[in-house]
file entry_23.tsv (TSV, C-alpha atoms)
chain	number	residue	atom	x	y	z
A	28	MET	CA	-135.05	46.59	-5.40
A	29	SER	CA	-133.50	46.89	-1.94
A	30	GLU	CA	-132.46	50.32	-0.75
A	31	CYS	CA	-128.98	48.91	-0.26
A	32	ILE	CA	-128.69	48.17	-3.96
A	33	ASP	CA	-127.65	51.08	-6.17
A	34	SER	CA	-127.92	49.65	-9.68
A	35	ARG	CA	-125.44	52.26	-10.96
A	36	ALA	CA	-122.75	50.04	-9.42
A	37	PHE	CA	-123.43	47.40	-12.09
A	38	ARG	CA	-122.60	49.87	-14.86
A	39	HIS	CA	-118.93	49.59	-13.90
A	40	ILE	CA	-118.83	45.92	-14.84
A	41	THR	CA	-117.11	45.59	-18.21
A	42	TYR	CA	-118.54	43.68	-21.16
A	43	GLY	CA	-118.00	43.25	-24.87
A	44	LEU	CA	-120.74	43.03	-27.49
A	45	TYR	CA	-121.39	39.85	-29.41
A	46	ILE	CA	-123.80	38.28	-31.88
A	47	VAL	CA	-124.92	34.90	-30.58
A	48	CYS	CA	-126.52	32.64	-33.20
A	49	SER	CA	-128.24	29.29	-33.01
A	50	ILE	CA	-130.06	26.80	-35.22
A	51	HIS	CA	-132.84	24.30	-34.54
A	52	GLU	CA	-134.43	22.01	-37.13
A	53	GLY	CA	-133.09	24.18	-39.92
A	54	LYS	CA	-134.43	27.42	-38.42
A	55	LYS	CA	-131.76	30.01	-37.64
A	56	ASN	CA	-131.66	33.09	-35.47
A	57	GLY	CA	-129.18	35.39	-33.78
A	58	GLN	CA	-129.18	38.14	-31.18
A	59	ILE	CA	-126.93	40.65	-29.46
A	60	ALA	CA	-125.46	39.53	-26.13
A	61	ASN	CA	-123.05	41.29	-23.81
A	62	THR	CA	-122.52	38.51	-21.25
A	63	VAL	CA	-120.16	36.15	-23.05
A	64	PHE	CA	-117.17	34.97	-21.04
A	65	GLN	CA	-114.60	32.21	-20.90
A	66	VAL	CA	-115.02	29.96	-17.85
A	67	THR	CA	-112.06	27.60	-18.28
A	68	ALA	CA	-108.95	27.66	-20.47
A	69	ASN	CA	-108.29	23.92	-20.55
A	70	PRO	CA	-110.49	22.66	-22.11
A	71	PRO	CA	-111.74	25.95	-23.60
A	72	ARG	CA	-115.26	26.56	-22.37
A	73	ILE	CA	-117.45	29.64	-22.49
A	74	ALA	CA	-120.73	30.81	-21.00
A	75	VAL	CA	-123.49	33.18	-22.07
A	76	SER	CA	-126.62	34.52	-20.34
A	77	ILE	CA	-129.71	34.57	-22.61
A	78	ASN	CA	-133.23	35.82	-21.84
A	79	LYS	CA	-135.84	33.07	-21.79
A	80	GLU	CA	-138.24	35.10	-23.96
A	81	ASN	CA	-135.80	35.31	-26.84
A	82	LEU	CA	-136.13	33.09	-29.91
A	83	THR	CA	-132.40	32.34	-29.78
A	84	HIS	CA	-132.98	30.94	-26.27
A	85	GLU	CA	-135.52	28.50	-27.69
A	86	TYR	CA	-133.12	27.34	-30.40
A	87	ILE	CA	-130.11	26.96	-28.05
A	88	SER	CA	-132.25	25.07	-25.51
A	89	ASN	CA	-133.39	22.62	-28.17
A	90	SER	CA	-130.23	22.08	-30.21
A	91	GLY	CA	-127.48	22.78	-27.67
A	92	LEU	CA	-125.64	24.76	-30.33
A	93	PHE	CA	-124.57	28.38	-30.50
A	94	SER	CA	-121.92	30.53	-32.10
A	95	VAL	CA	-120.37	33.77	-30.92
A	96	SER	CA	-119.17	36.56	-33.23
A	97	VAL	CA	-117.06	39.21	-31.49
A	98	LEU	CA	-118.08	42.62	-32.88
A	99	ASP	CA	-115.54	45.36	-33.50
A	100	GLU	CA	-115.96	49.10	-33.00
A	101	SER	CA	-116.89	49.68	-36.64
A	102	ALA	CA	-120.20	47.79	-36.35
A	103	PRO	CA	-122.94	50.26	-37.41
A	104	MET	CA	-125.86	50.96	-35.09
A	105	LYS	CA	-128.33	49.82	-37.76
A	106	PHE	CA	-126.63	46.43	-37.90
A	107	ILE	CA	-126.51	46.10	-34.10
A	108	GLY	CA	-130.13	47.25	-33.90
A	109	ALA	CA	-131.28	44.54	-36.31
A	110	PHE	CA	-129.86	41.85	-34.07
A	111	GLY	CA	-130.54	43.59	-30.75
A	112	PHE	CA	-133.95	45.20	-31.01
A	113	ARG	CA	-135.82	43.14	-33.59
A	114	CYS	CA	-137.33	39.71	-33.13
A	115	GLY	CA	-136.39	36.79	-35.32
A	116	ARG	CA	-140.06	35.76	-35.33
A	117	ASP	CA	-140.80	38.91	-37.39
A	118	ILE	CA	-137.78	39.38	-39.64
A	119	ASP	CA	-134.88	37.43	-41.12
A	120	LYS	CA	-132.01	39.07	-39.26
A	121	PHE	CA	-129.44	37.48	-41.54
A	122	SER	CA	-130.74	39.60	-44.43
A	123	PHE	CA	-128.79	42.45	-42.77
A	124	CYS	CA	-125.51	40.50	-43.18
A	125	SER	CA	-123.22	40.34	-46.18
A	126	GLU	CA	-121.55	37.12	-44.99
A	127	VAL	CA	-122.84	34.32	-42.79
A	128	LYS	CA	-120.68	31.23	-42.46
A	129	VAL	CA	-122.09	27.80	-41.67
A	130	GLY	CA	-120.09	26.17	-38.86
A	131	GLU	CA	-119.24	22.50	-38.67
A	132	THR	CA	-122.25	21.90	-36.44
A	133	GLY	CA	-124.49	23.65	-38.98
A	134	CYS	CA	-124.82	26.72	-36.77
A	135	PRO	CA	-124.78	30.09	-38.54
A	136	ILE	CA	-121.86	32.40	-37.74
A	137	VAL	CA	-122.12	36.11	-38.54
A	138	MET	CA	-118.93	37.40	-40.20
A	139	ASP	CA	-119.74	41.14	-40.63
A	140	TYR	CA	-117.83	43.63	-38.45
A	141	VAL	CA	-116.31	40.72	-36.58
A	142	LEU	CA	-112.83	40.10	-35.10
A	143	SER	CA	-113.19	36.48	-33.95
A	144	VAL	CA	-115.75	33.70	-34.19
A	145	ILE	CA	-116.37	30.81	-31.80
A	146	GLU	CA	-118.59	27.78	-32.35
A	147	THR	CA	-119.81	25.82	-29.33
A	148	ARG	CA	-121.83	22.91	-28.03
A	149	VAL	CA	-123.71	23.27	-24.70
A	150	PHE	CA	-122.77	20.83	-21.92
A	151	ASN	CA	-124.76	22.38	-19.08
A	152	SER	CA	-127.22	25.18	-18.37
A	153	VAL	CA	-128.48	26.96	-15.28
A	154	ASP	CA	-131.84	28.63	-14.75
A	155	VAL	CA	-131.11	31.97	-13.10
A	156	GLY	CA	-134.64	33.43	-13.23
A	157	THR	CA	-135.42	35.60	-16.26
A	158	HIS	CA	-132.35	34.20	-18.03
A	159	THR	CA	-130.59	30.89	-18.64
A	160	VAL	CA	-126.81	30.70	-18.49
A	161	PHE	CA	-125.55	28.20	-21.07
A	162	PHE	CA	-122.15	26.56	-20.58
A	163	ALA	CA	-120.51	25.27	-23.73
A	164	ASP	CA	-117.45	23.45	-25.03
A	165	VAL	CA	-115.67	25.31	-27.80
A	166	ILE	CA	-115.81	23.28	-31.04
A	167	SER	CA	-113.89	25.76	-33.17
A	168	ALA	CA	-112.43	29.23	-32.70
A	169	GLU	CA	-110.93	31.49	-35.30
A	170	MET	CA	-109.31	34.90	-35.08
A	171	LEU	CA	-110.14	36.74	-38.30
A	172	ARG	CA	-108.10	39.89	-37.73
A	173	GLU	CA	-106.66	42.24	-35.15
A	174	GLY	CA	-108.77	45.23	-34.08
A	175	GLU	CA	-110.60	46.89	-31.24
A	176	PRO	CA	-113.44	44.79	-29.80
A	177	LEU	CA	-116.65	46.75	-29.35
A	178	THR	CA	-117.16	47.16	-25.63
A	179	TYR	CA	-120.52	47.74	-23.98
A	180	ALA	CA	-119.13	51.01	-22.59
A	181	TYR	CA	-118.14	52.20	-26.08
A	182	TYR	CA	-121.57	51.20	-27.40
A	183	HIS	CA	-123.29	53.30	-24.71
A	184	GLU	CA	-120.92	56.25	-24.46
A	185	VAL	CA	-119.67	56.73	-28.02
A	186	LYS	CA	-122.39	55.15	-30.11
A	187	LYS	CA	-125.14	56.26	-27.70
A	188	GLY	CA	-126.75	52.85	-27.79
A	189	ARG	CA	-129.48	51.61	-25.49
A	190	SER	CA	-129.99	48.24	-23.78
A	191	PRO	CA	-132.88	46.10	-24.98
A	192	LYS	CA	-135.33	45.26	-22.19
A	193	ASN	CA	-134.30	41.59	-22.25
A	194	ALA	CA	-130.63	42.31	-21.51
A	195	PRO	CA	-129.18	40.97	-18.22
A	196	THR	CA	-128.00	44.52	-17.58
A	197	TYR	CA	-131.20	46.38	-18.46
A	198	GLU	CA	-132.11	49.42	-16.34
A	199	ALA	CA	-135.55	50.81	-17.11
A	200	HIS	CA	-134.86	54.35	-15.92
A	201	VAL	CA	-131.58	54.63	-17.76
A	202	ASN	CA	-133.12	53.71	-21.07
A	203	LYS	CA	-136.08	56.00	-20.47
A	204	GLU	CA	-133.80	58.98	-20.03
A	205	GLU	CA	-132.10	58.48	-23.35
B	20	MET	CA	-106.30	21.62	-28.08
B	21	SER	CA	-108.08	20.91	-31.37
B	22	GLU	CA	-106.50	22.28	-34.52
B	23	CYS	CA	-109.78	24.07	-35.17
B	24	ILE	CA	-109.36	26.10	-31.99
B	25	ASP	CA	-107.17	29.19	-32.25
B	26	SER	CA	-106.99	30.44	-28.67
B	27	ARG	CA	-106.15	33.95	-29.91
B	28	ALA	CA	-109.87	34.26	-30.67
B	29	PHE	CA	-110.60	34.31	-26.94
B	30	ARG	CA	-108.42	37.39	-26.46
B	31	HIS	CA	-111.12	39.45	-28.16
B	32	ILE	CA	-113.61	38.73	-25.39
B	33	THR	CA	-113.86	41.78	-23.17
B	34	TYR	CA	-113.51	41.70	-19.36
B	35	GLY	CA	-113.02	44.04	-16.45
B	36	LEU	CA	-110.75	43.40	-13.50
B	37	TYR	CA	-112.12	42.84	-10.02
B	38	ILE	CA	-111.09	41.88	-6.52
B	39	VAL	CA	-113.32	39.08	-5.25
B	40	CYS	CA	-113.22	38.54	-1.48
B	41	SER	CA	-114.73	35.94	0.80
B	42	ILE	CA	-114.81	34.93	4.45
B	43	HIS	CA	-115.22	31.58	6.19
B	44	GLU	CA	-115.16	31.03	9.95
B	45	GLY	CA	-113.49	34.38	10.45
B	46	LYS	CA	-110.75	33.73	7.87
B	47	LYS	CA	-110.67	36.22	5.01
B	48	ASN	CA	-109.12	36.19	1.58
B	49	GLY	CA	-109.42	37.90	-1.78
B	50	GLN	CA	-108.18	37.44	-5.33
B	51	ILE	CA	-108.20	39.06	-8.73
B	52	ALA	CA	-110.93	37.86	-11.11
B	53	ASN	CA	-111.79	38.97	-14.61
B	54	THR	CA	-114.94	36.93	-15.18
B	55	VAL	CA	-117.56	38.80	-13.18
B	56	PHE	CA	-120.83	39.47	-14.97
B	57	GLN	CA	-124.46	40.28	-14.30
B	58	VAL	CA	-126.80	37.42	-15.25
B	59	THR	CA	-130.18	38.99	-14.50
B	60	ALA	CA	-131.33	42.54	-13.82
B	61	ASN	CA	-134.47	41.73	-11.82
B	62	PRO	CA	-133.59	40.52	-9.26
B	63	PRO	CA	-129.97	41.64	-9.59
B	64	ARG	CA	-127.79	38.56	-9.80
B	65	ILE	CA	-124.17	38.14	-10.77
B	66	ALA	CA	-121.79	35.28	-11.57
B	67	VAL	CA	-118.06	34.72	-11.24
B	68	SER	CA	-115.72	31.90	-12.37
B	69	ILE	CA	-113.14	30.91	-9.73
B	70	ASN	CA	-110.33	28.33	-9.94
B	71	LYS	CA	-110.82	25.37	-7.61
B	72	GLU	CA	-107.23	25.55	-6.37
B	73	ASN	CA	-107.65	29.06	-5.02
B	74	LEU	CA	-108.16	29.75	-1.32
B	75	THR	CA	-110.98	32.17	-2.14
B	76	HIS	CA	-112.76	29.25	-3.86
B	77	GLU	CA	-112.61	27.27	-0.62
B	78	TYR	CA	-114.07	30.15	1.38
B	79	ILE	CA	-116.87	30.91	-1.12
B	80	SER	CA	-117.77	27.21	-1.35
B	81	ASN	CA	-118.07	26.97	2.42
B	82	SER	CA	-119.74	30.27	3.32
B	83	GLY	CA	-121.65	31.12	0.14
B	84	LEU	CA	-120.47	34.70	0.50
B	85	PHE	CA	-118.37	36.91	-1.74
B	86	SER	CA	-117.87	40.57	-2.53
B	87	VAL	CA	-116.77	42.24	-5.75
B	88	SER	CA	-114.72	45.43	-5.92
B	89	VAL	CA	-114.53	46.99	-9.39
B	90	LEU	CA	-110.98	48.27	-9.94
B	91	ASP	CA	-110.28	51.48	-11.78
B	92	GLU	CA	-107.41	52.25	-14.17
B	93	SER	CA	-105.33	53.84	-11.42
B	94	ALA	CA	-104.82	50.53	-9.55
B	95	PRO	CA	-101.02	50.00	-9.31
B	96	MET	CA	-99.47	46.79	-10.58
B	97	LYS	CA	-98.02	46.05	-7.14
B	98	PHE	CA	-101.50	46.14	-5.63
B	99	ILE	CA	-102.99	43.98	-8.39
B	100	GLY	CA	-100.04	41.60	-8.09
B	101	ALA	CA	-100.59	41.11	-4.36
B	102	PHE	CA	-104.15	39.93	-5.00
B	103	GLY	CA	-103.47	38.19	-8.33
B	104	PHE	CA	-100.17	36.40	-7.99
B	105	ARG	CA	-99.77	35.71	-4.28
B	106	CYS	CA	-101.55	33.08	-2.23
B	107	GLY	CA	-103.60	33.96	0.80
B	108	ARG	CA	-102.15	30.86	2.50
B	109	ASP	CA	-98.75	32.63	2.53
B	110	ILE	CA	-99.53	36.29	3.08
B	111	ASP	CA	-102.25	38.56	4.44
B	112	LYS	CA	-103.31	40.24	1.22
B	113	PHE	CA	-105.33	42.85	3.09
B	114	SER	CA	-102.10	44.29	4.49
B	115	PHE	CA	-101.67	45.84	1.02
B	116	CYS	CA	-104.94	47.78	1.44
B	117	SER	CA	-105.51	51.11	3.12
B	118	GLU	CA	-109.25	50.52	3.49
B	119	VAL	CA	-111.23	47.29	3.80
B	120	LYS	CA	-114.91	47.56	4.64
B	121	VAL	CA	-116.87	44.83	6.40
B	122	GLY	CA	-120.11	44.13	4.55
B	123	GLU	CA	-123.42	43.36	6.23
B	124	THR	CA	-122.75	39.62	5.76
B	125	GLY	CA	-119.33	40.03	7.41
B	126	CYS	CA	-117.53	39.64	4.09
B	127	PRO	CA	-114.50	41.90	3.54
B	128	ILE	CA	-114.80	44.46	0.72
B	129	VAL	CA	-111.65	46.08	-0.69
B	130	MET	CA	-112.09	49.85	-1.12
B	131	ASP	CA	-108.71	50.86	-2.64
B	132	TYR	CA	-108.68	51.96	-6.32
B	133	VAL	CA	-112.32	50.95	-6.56
B	134	LEU	CA	-115.30	52.48	-8.40
B	135	SER	CA	-118.10	50.24	-7.15
B	136	VAL	CA	-118.58	47.46	-4.62
B	137	ILE	CA	-121.08	44.60	-4.61
B	138	GLU	CA	-121.83	42.16	-1.81
B	139	THR	CA	-123.47	38.84	-2.63
B	140	ARG	CA	-124.82	35.55	-1.38
B	141	VAL	CA	-124.45	32.43	-3.56
B	142	PHE	CA	-127.67	30.66	-4.60
B	143	ASN	CA	-126.21	28.14	-7.04
B	144	SER	CA	-122.88	26.95	-8.42
B	145	VAL	CA	-121.76	24.92	-11.41
B	146	ASP	CA	-118.67	22.74	-11.73
B	147	VAL	CA	-117.14	23.56	-15.11
B	148	GLY	CA	-113.90	21.57	-14.75
B	149	THR	CA	-110.90	23.49	-13.43
B	150	HIS	CA	-113.24	26.24	-12.20
B	151	THR	CA	-116.56	26.69	-10.42
B	152	VAL	CA	-119.01	29.34	-11.56
B	153	PHE	CA	-120.81	30.82	-8.56
B	154	PHE	CA	-124.22	32.45	-9.05
B	155	ALA	CA	-125.19	34.97	-6.43
B	156	ASP	CA	-127.95	37.31	-5.33
B	157	VAL	CA	-126.81	40.87	-4.79
B	158	ILE	CA	-127.22	41.85	-1.13
B	159	SER	CA	-125.88	45.37	-1.48
B	160	ALA	CA	-124.33	47.45	-4.25
B	161	GLU	CA	-122.74	50.86	-3.98
B	162	MET	CA	-121.27	53.18	-6.57
B	163	LEU	CA	-118.43	55.05	-4.89
B	164	ARG	CA	-117.49	57.38	-7.72
B	165	GLU	CA	-117.39	57.86	-11.49
B	166	GLY	CA	-114.26	56.80	-13.34
B	167	GLU	CA	-112.81	54.43	-15.89
B	168	PRO	CA	-113.10	50.75	-14.94
B	169	LEU	CA	-109.86	48.83	-15.41
B	170	THR	CA	-110.40	46.50	-18.35
B	171	TYR	CA	-108.47	43.29	-18.92
B	172	ALA	CA	-107.29	44.72	-22.27
B	173	TYR	CA	-105.94	47.86	-20.55
B	174	TYR	CA	-104.22	45.72	-17.92
B	175	HIS	CA	-102.46	43.69	-20.63
B	176	GLU	CA	-101.77	46.39	-23.22
B	177	VAL	CA	-101.07	49.49	-21.15
B	178	LYS	CA	-99.99	48.07	-17.80
B	179	LYS	CA	-98.23	45.08	-19.46
B	180	GLY	CA	-99.80	42.70	-16.96
B	181	ARG	CA	-99.78	38.92	-17.20
B	182	SER	CA	-102.50	36.36	-16.43
B	183	PRO	CA	-101.97	34.09	-13.43
B	184	LYS	CA	-102.02	30.40	-14.36
B	185	ASN	CA	-105.30	29.86	-12.56
B	186	ALA	CA	-107.18	32.43	-14.66
B	187	PRO	CA	-110.06	31.17	-16.84
B	188	THR	CA	-108.33	32.97	-19.72
B	189	TYR	CA	-104.77	31.79	-19.11
B	190	GLU	CA	-102.66	31.04	-22.18
B	191	ALA	CA	-99.30	29.44	-21.33
B	192	HIS	CA	-97.47	30.58	-24.48
B	193	VAL	CA	-98.69	34.16	-24.20
B	194	ASN	CA	-97.39	34.53	-20.68
B	195	LYS	CA	-94.12	32.83	-21.57
B	196	GLU	CA	-93.42	35.38	-24.27
B	197	GLU	CA	-93.83	38.32	-21.94
call {"tool": "encode", "arguments": {"input": "entry_23.tsv", "output": "structure tokens"}}
result
Amino acid sequence: MSECIDSRAFRHITYGLYIVCSIHEGKKNGQIANTVFQVTANPPRIAVSINKENLTHEYISNSGLFSVSVLDESAPMKFIGAFGFRCGRDIDKFSFCSEVKVGETGCPIVMDYVLSVIETRVFNSVDVGTHTVFFADVISAEMLREGEPLTYAYYHEVKKGRSPKNAPTYEAHVNKEE
Amino acid sequence: MSECIDSRAFRHITYGLYIVCSIHEGKKNGQIANTVFQVTANPPRIAVSINKENLTHEYISNSGLFSVSVLDESAPMKFIGAFGFRCGRDIDKFSFCSEVKVGETGCPIVMDYVLSVIETRVFNSVDVGTHTVFFADVISAEMLREGEPLTYAYYHEVKKGRSPKNAPTYEAHVNKEE
């Protein structure tokens, strides 16, 4: 990395924490993502950055479908860890959930520790190197309840969580120190 | 909007608040943005969604340059309002600043009420309808000091701020009620 780039600057960018799920040919998976954001209000469209090595990336690329569940501050570390640090090739992540809804596209939507859920269909994607950014039309969106969204800052500072190595915001030395 | 889409769900997505500046043929402008996010860690790359009607959009499209200044919670509403609700065609927004740095690309970088600054060069962009999402390589990044980044939630809930109509997250009825 260039000497002019102090990666600590990126830590001041604010994110939430989300479970992004997808389905392809009946196979389902989900993962933690922090880079979900709305790109237009009318029509409602969102974007997410997903690492190419992740199983969820494979499913989204193939089916063009994903859902977003907005986590709240009560989400336990064990639950976040199951979706963030385990691979769907090894375990059934949904076995850690008490409620998984099936959206109108067939995509699974995690309902545990969640404030809002959004179901989408991809209309474009951009290769940005290690990750793909998927752009999607919102098919359905539901607010389940009021509450405090889990922020990435809260996850790090209060819950003492780490970033998985495939996160867009991963810093090797930061995680090593923890 | 579809009956299946409750736009209140989008309010649970977490954002920071940033000043995004650009320059084109010596003309400078800046605006408030909430949708800045890192898309890859290695190399460091970020993205931002900008409304096509905005002057900053014109400058970024032409020069491929923009900077990001991460605001902290102390940023006064008058300062945010100058960059968020005024048009650079009518006023010189930088007259509201006490310090504006010139980056190595020539791009202006606002230094007031700021925790970190990032200077970038666009490598790709995607038309998403009312907005363009610009993808950029980070040229330089500097952390100026520790502090609490201004979040979009804090701006709305504590500072009682509104969203300008060109925001990716604008909701007409929400702003009308305020």
call {"tool": "closest_residue", "arguments": {"input": "entry_23.tsv", "among": "B:Gly49, B:Gly166, B:Pro127, B:Pro183", "to": "chain A", "atoms": "only C-alpha atoms"}}
result
B:Gly166
call {"tool": "interface_residues", "arguments": {"input": "entry_23.tsv", "of": "chain A", "to": "chain B", "cutoff": "6 Å", "atoms": "all atoms listed in the file", "output": "PyMOL selection string"}}
result
chain A and resi 31-33+36+41-43+66-68+76+143+167-170+195-196
call {"tool": "write_last_selection", "arguments": {"input": "entry_23.tsv", "atoms": "C-alpha atoms", "output": "tab-separated table (two decimals), in the coordinates of the input"}}
result
chain	number	residue	atom	x	y	z
A	31	CYS	CA	-128.98	48.91	-0.26
A	32	ILE	CA	-128.69	48.17	-3.96
A	33	ASP	CA	-127.65	51.08	-6.17
A	36	ALA	CA	-122.75	50.04	-9.42
A	41	THR	CA	-117.11	45.59	-18.21
A	42	TYR	CA	-118.54	43.68	-21.16
A	43	GLY	CA	-118.00	43.25	-24.87
A	66	VAL	CA	-115.02	29.96	-17.85
A	67	THR	CA	-112.06	27.60	-18.28
A	68	ALA	CA	-108.95	27.66	-20.47
A	76	SER	CA	-126.62	34.52	-20.34
A	143	SER	CA	-113.19	36.48	-33.95
A	167	SER	CA	-113.89	25.76	-33.17
A	168	ALA	CA	-112.43	29.23	-32.70
A	169	GLU	CA	-110.93	31.49	-35.30
A	170	MET	CA	-109.31	34.90	-35.08
A	195	PRO	CA	-129.18	40.97	-18.22
A	196	THR	CA	-128.00	44.52	-17.58
call {"tool": "residues_around", "arguments": {"input": "entry_23.tsv", "residues": "Tyr78 in chain B", "least_positions_apart": "2", "cutoff": "9 Å", "atoms": "all atoms listed in the file", "output": "list in words"}}
result
Cys40, Ser41, Ile42, His43, Glu44, Lys46, Lys47, Asn48, Leu74, Thr75, His76, Ser80, Asn81, Ser82, Gly83, Leu84 and Phe85 of chain B
call {"tool": "residues_around", "arguments": {"input": "entry_23.tsv", "residues": "Ile99 in chain B", "least_positions_apart": "6", "cutoff": "9 Å", "atoms": "only C-alpha atoms", "output": "PyMOL selection string"}}
result
chain B and resi 38+50-51
call {"tool": "atom_distance", "arguments": {"input": "entry_23.tsv", "atom1": "CA of Tyr173 in chain B", "atom2": "CA of Ser101 in chain A"}}
result
19.5 Å
call {"tool": "atom_distance", "arguments": {"input": "entry_23.tsv", "atom1": "CA of Arg140 in chain B", "atom2": "CA of Gly103 in chain B"}}
result
22.6 Å
call {"tool": "atom_distance", "arguments": {"input": "entry_23.tsv", "atom1": "CA of Phe106 in chain A", "atom2": "CA of Val185 in chain A"}}
result
15.9 Å
call {"tool": "residues_around", "arguments": {"input": "entry_23.tsv", "residues": "range 119-129 of chain A", "least_positions_apart": "6", "cutoff": "7 Å", "atoms": "only C-alpha atoms", "output": "list in words"}}
result
Phe106, Ala109, Phe110, Pro135, Ile136, Val137, Met138 and Asp139 of chain A
